[in-house]
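Enquirer: Before we start, here is the structure in question, set down as structure tokens.
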Amino acid sequence: ARRVVAAYDKLLQLEDSPVVRLNRSVAVAELHGAAAGLMELESLPDVPALQRSPWYHAARGRLLTAAGQRDQAHAALTRALTLTETGPARDFLARELARIAVPA
């Protein structure tokens with residue numbers, strides 16, 4: 001994971017984009033834990049393209065789940081699902097939502 005974060009750091013020098021920063025935040029979570037990844041993810045600028053990206057919300061949902069923040073994770077994964085059009089991705093997100101569902 002350390003090498004992956006270092007690779008993203010190098011990539012950021014070439015192309016500082018919200019997508020690269022999103023991917024780096026996931027790598028940071030793998031290296032330093034969900035809380036560190038969430039801090040990176042939530043420090044991203046409010047870029048409309050990210051807000052429309054199901055992968056931003058899916059990554060956020062996964063990190064929130066790992067951090068034990070199920071309500072926020074559920075909201076993020078639900079948002080990702082509403083933005084996703086393809087069948088396999090929708091199926092994956094639906095499984096993630098079912099996995100974290102807390103019985104009422």
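By convention in this document, the chains of the structure tokens carry letters A, B, ... by their order, each chain's residues are numbered from 1, and ligands are numbered from 1 in the order they are shown.
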Give me, as a PDB file with all heavy atoms, in the first residue's frame, all polymer residues having an atom no more than 8 Å from A:His57, counting only C-alpha atoms and skipping those fewer than 3 positions away in the same chain.

Expert:
ATOM      1  N   GLN A  51     -19.171  14.917  -7.209  1.00  0.00           N
ATOM      2  CA  GLN A  51     -20.485  14.766  -6.596  1.00  0.00           C
ATOM      3  C   GLN A  51     -21.429  13.960  -7.483  1.00  0.00           C
ATOM      4  O   GLN A  51     -22.357  13.334  -6.993  1.00  0.00           O
ATOM      5  CB  GLN A  51     -21.091  16.133  -6.261  1.00  0.00           C
ATOM      6  CG  GLN A  51     -20.314  16.887  -5.206  1.00  0.00           C
ATOM      7  CD  GLN A  51     -20.177  16.105  -3.912  1.00  0.00           C
ATOM      8  OE1 GLN A  51     -21.125  15.485  -3.439  1.00  0.00           O
ATOM      9  NE2 GLN A  51     -19.000  16.127  -3.328  1.00  0.00           N
ATOM     10  N   SER A  53     -20.285  11.497  -9.384  1.00  0.00           N
ATOM     11  CA  SER A  53     -19.621  10.218  -9.602  1.00  0.00           C
ATOM     12  C   SER A  53     -20.088   9.166  -8.597  1.00  0.00           C
ATOM     13  O   SER A  53     -19.927   9.350  -7.387  1.00  0.00           O
ATOM     14  CB  SER A  53     -18.106  10.382  -9.468  1.00  0.00           C
ATOM     15  OG  SER A  53     -17.483   9.111  -9.409  1.00  0.00           O
ATOM     16  N   PRO A  54     -20.625   8.060  -9.081  1.00  0.00           N
ATOM     17  CA  PRO A  54     -21.013   7.015  -8.135  1.00  0.00           C
ATOM     18  C   PRO A  54     -19.804   6.451  -7.393  1.00  0.00           C
ATOM     19  O   PRO A  54     -19.908   6.008  -6.255  1.00  0.00           O
ATOM     20  CB  PRO A  54     -21.681   5.952  -9.006  1.00  0.00           C
ATOM     21  CG  PRO A  54     -21.195   6.207 -10.385  1.00  0.00           C
ATOM     22  CD  PRO A  54     -20.911   7.669 -10.471  1.00  0.00           C
ATOM     23  N   ARG A  60     -16.578   6.553  -0.504  1.00  0.00           N
ATOM     24  CA  ARG A  60     -16.919   7.184   0.776  1.00  0.00           C
ATOM     25  C   ARG A  60     -17.730   6.221   1.637  1.00  0.00           C
ATOM     26  O   ARG A  60     -17.482   6.076   2.835  1.00  0.00           O
ATOM     27  CB  ARG A  60     -17.685   8.477   0.529  1.00  0.00           C
ATOM     28  CG  ARG A  60     -17.906   9.282   1.759  1.00  0.00           C
ATOM     29  CD  ARG A  60     -18.382  10.709   1.430  1.00  0.00           C
ATOM     30  NE  ARG A  60     -18.676  11.388   2.667  1.00  0.00           N
ATOM     31  CZ  ARG A  60     -19.870  11.390   3.250  1.00  0.00           C
ATOM     32  NH1 ARG A  60     -20.903  10.810   2.673  1.00  0.00           N
ATOM     33  NH2 ARG A  60     -20.052  12.008   4.397  1.00  0.00           N
ATOM     34  N   GLY A  61     -18.699   5.540   1.018  1.00  0.00           N
ATOM     35  CA  GLY A  61     -19.515   4.573   1.748  1.00  0.00           C
ATOM     36  C   GLY A  61     -18.696   3.426   2.316  1.00  0.00           C
ATOM     37  O   GLY A  61     -18.891   3.020   3.464  1.00  0.00           O
ATOM     38  N   ALA A  76     -24.302   7.333   1.781  1.00  0.00           N
ATOM     39  CA  ALA A  76     -23.335   7.454   0.682  1.00  0.00           C
ATOM     40  C   ALA A  76     -23.535   6.345  -0.348  1.00  0.00           C
ATOM     41  O   ALA A  76     -23.516   6.595  -1.557  1.00  0.00           O
ATOM     42  CB  ALA A  76     -21.909   7.434   1.227  1.00  0.00           C
ATOM     43  N   LEU A  77     -23.734   5.131   0.120  1.00  0.00           N
ATOM     44  CA  LEU A  77     -23.934   4.011  -0.815  1.00  0.00           C
ATOM     45  C   LEU A  77     -25.265   4.133  -1.554  1.00  0.00           C
ATOM     46  O   LEU A  77     -25.359   3.775  -2.738  1.00  0.00           O
ATOM     47  CB  LEU A  77     -23.841   2.682  -0.073  1.00  0.00           C
ATOM     48  CG  LEU A  77     -22.438   2.322   0.416  1.00  0.00           C
ATOM     49  CD1 LEU A  77     -22.499   1.138   1.375  1.00  0.00           C
ATOM     50  CD2 LEU A  77     -21.506   2.030  -0.751  1.00  0.00           C
ATOM     51  N   ARG A  79     -26.653   6.971  -2.372  1.00  0.00           N
ATOM     52  CA  ARG A  79     -26.382   7.993  -3.391  1.00  0.00           C
ATOM     53  C   ARG A  79     -25.612   7.375  -4.562  1.00  0.00           C
ATOM     54  O   ARG A  79     -25.928   7.636  -5.725  1.00  0.00           O
ATOM     55  CB  ARG A  79     -25.592   9.152  -2.771  1.00  0.00           C
ATOM     56  CG  ARG A  79     -25.216  10.223  -3.741  1.00  0.00           C
ATOM     57  CD  ARG A  79     -26.412  11.065  -4.122  1.00  0.00           C
ATOM     58  NE  ARG A  79     -25.981  12.133  -5.007  1.00  0.00           N
ATOM     59  CZ  ARG A  79     -26.617  12.489  -6.103  1.00  0.00           C
ATOM     60  NH1 ARG A  79     -27.758  11.923  -6.415  1.00  0.00           N
ATOM     61  NH2 ARG A  79     -26.159  13.444  -6.861  1.00  0.00           N
ATOM     62  N   ALA A  80     -24.628   6.548  -4.272  1.00  0.00           N
ATOM     63  CA  ALA A  80     -23.868   5.881  -5.335  1.00  0.00           C
ATOM     64  C   ALA A  80     -24.793   5.036  -6.197  1.00  0.00           C
ATOM     65  O   ALA A  80     -24.699   5.052  -7.430  1.00  0.00           O
ATOM     66  CB  ALA A  80     -22.761   5.019  -4.730  1.00  0.00           C
TER      67      ALA A  80
END

Enquirer: May I ask which of the residues A:Val28, A:Leu64, A:Ala101, A:Leu81 is the closest one to A:Tyr8, counting only C-alpha atoms?

Expert: A:Val28

Enquirer: Would you kindly return, as a short mmCIF file (atom, residue, chain, number, x, y, z; two decimals) with C-alpha atoms, in the first residue's frame, each protein, DNA or RNA residue with an atom no farther than 12 Å from any atom of A:Pro45, considering only C-alpha atoms and excluding same-chain residues fewer than 6 positions away?

Expert:
data_model
loop_
_atom_site.label_atom_id
_atom_site.label_comp_id
_atom_site.auth_asym_id
_atom_site.auth_seq_id
_atom_site.Cartn_x
_atom_site.Cartn_y
_atom_site.Cartn_z
CA ASP A 16 -3.49 16.92 -9.99
CA SER A 17 -7.08 15.91 -10.56
CA PRO A 18 -9.99 15.09 -8.26
CA VAL A 19 -10.10 11.52 -9.58
CA ARG A 21 -7.00 12.39 -5.31
CA LEU A 22 -10.04 10.15 -4.85
CA GLN A 51 -20.48 14.77 -6.60
#

Enquirer: Do you know which residues are at most 8 Å from A:Ala59 counting only C-alpha atoms, after dropping those on the same chain fewer than 4 positions away, and could you put them as a ChimeraX atom specification?

Expert: /A:26,55,63

Enquirer: How about saving the chosen residues, N, CA and C atoms kept, as a short mmCIF file (atom, residue, chain, number, x, y, z; two decimals), in the first residue's frame?

Expert:
data_model
loop_
_atom_site.label_atom_id
_atom_site.label_comp_id
_atom_site.auth_asym_id
_atom_site.auth_seq_id
_atom_site.Cartn_x
_atom_site.Cartn_y
_atom_site.Cartn_z
N VAL A 26 -8.27 6.29 -1.21
CA VAL A 26 -8.54 4.87 -0.99
C VAL A 26 -7.24 4.14 -0.64
N TRP A 55 -18.63 6.51 -8.02
CA TRP A 55 -17.44 5.92 -7.42
C TRP A 55 -16.94 6.75 -6.24
N LEU A 63 -15.48 3.48 3.07
CA LEU A 63 -14.63 3.98 4.15
C LEU A 63 -15.45 4.28 5.40
#

Enquirer: If you run DSSP over the backbone, which residues in chain A end up helix (DSSP H, G or I)? Put them as a PyMOL selection string.

Expert: chain A and resi 2-14+18-32+34-42+48-51+54-66+70-83+87-100
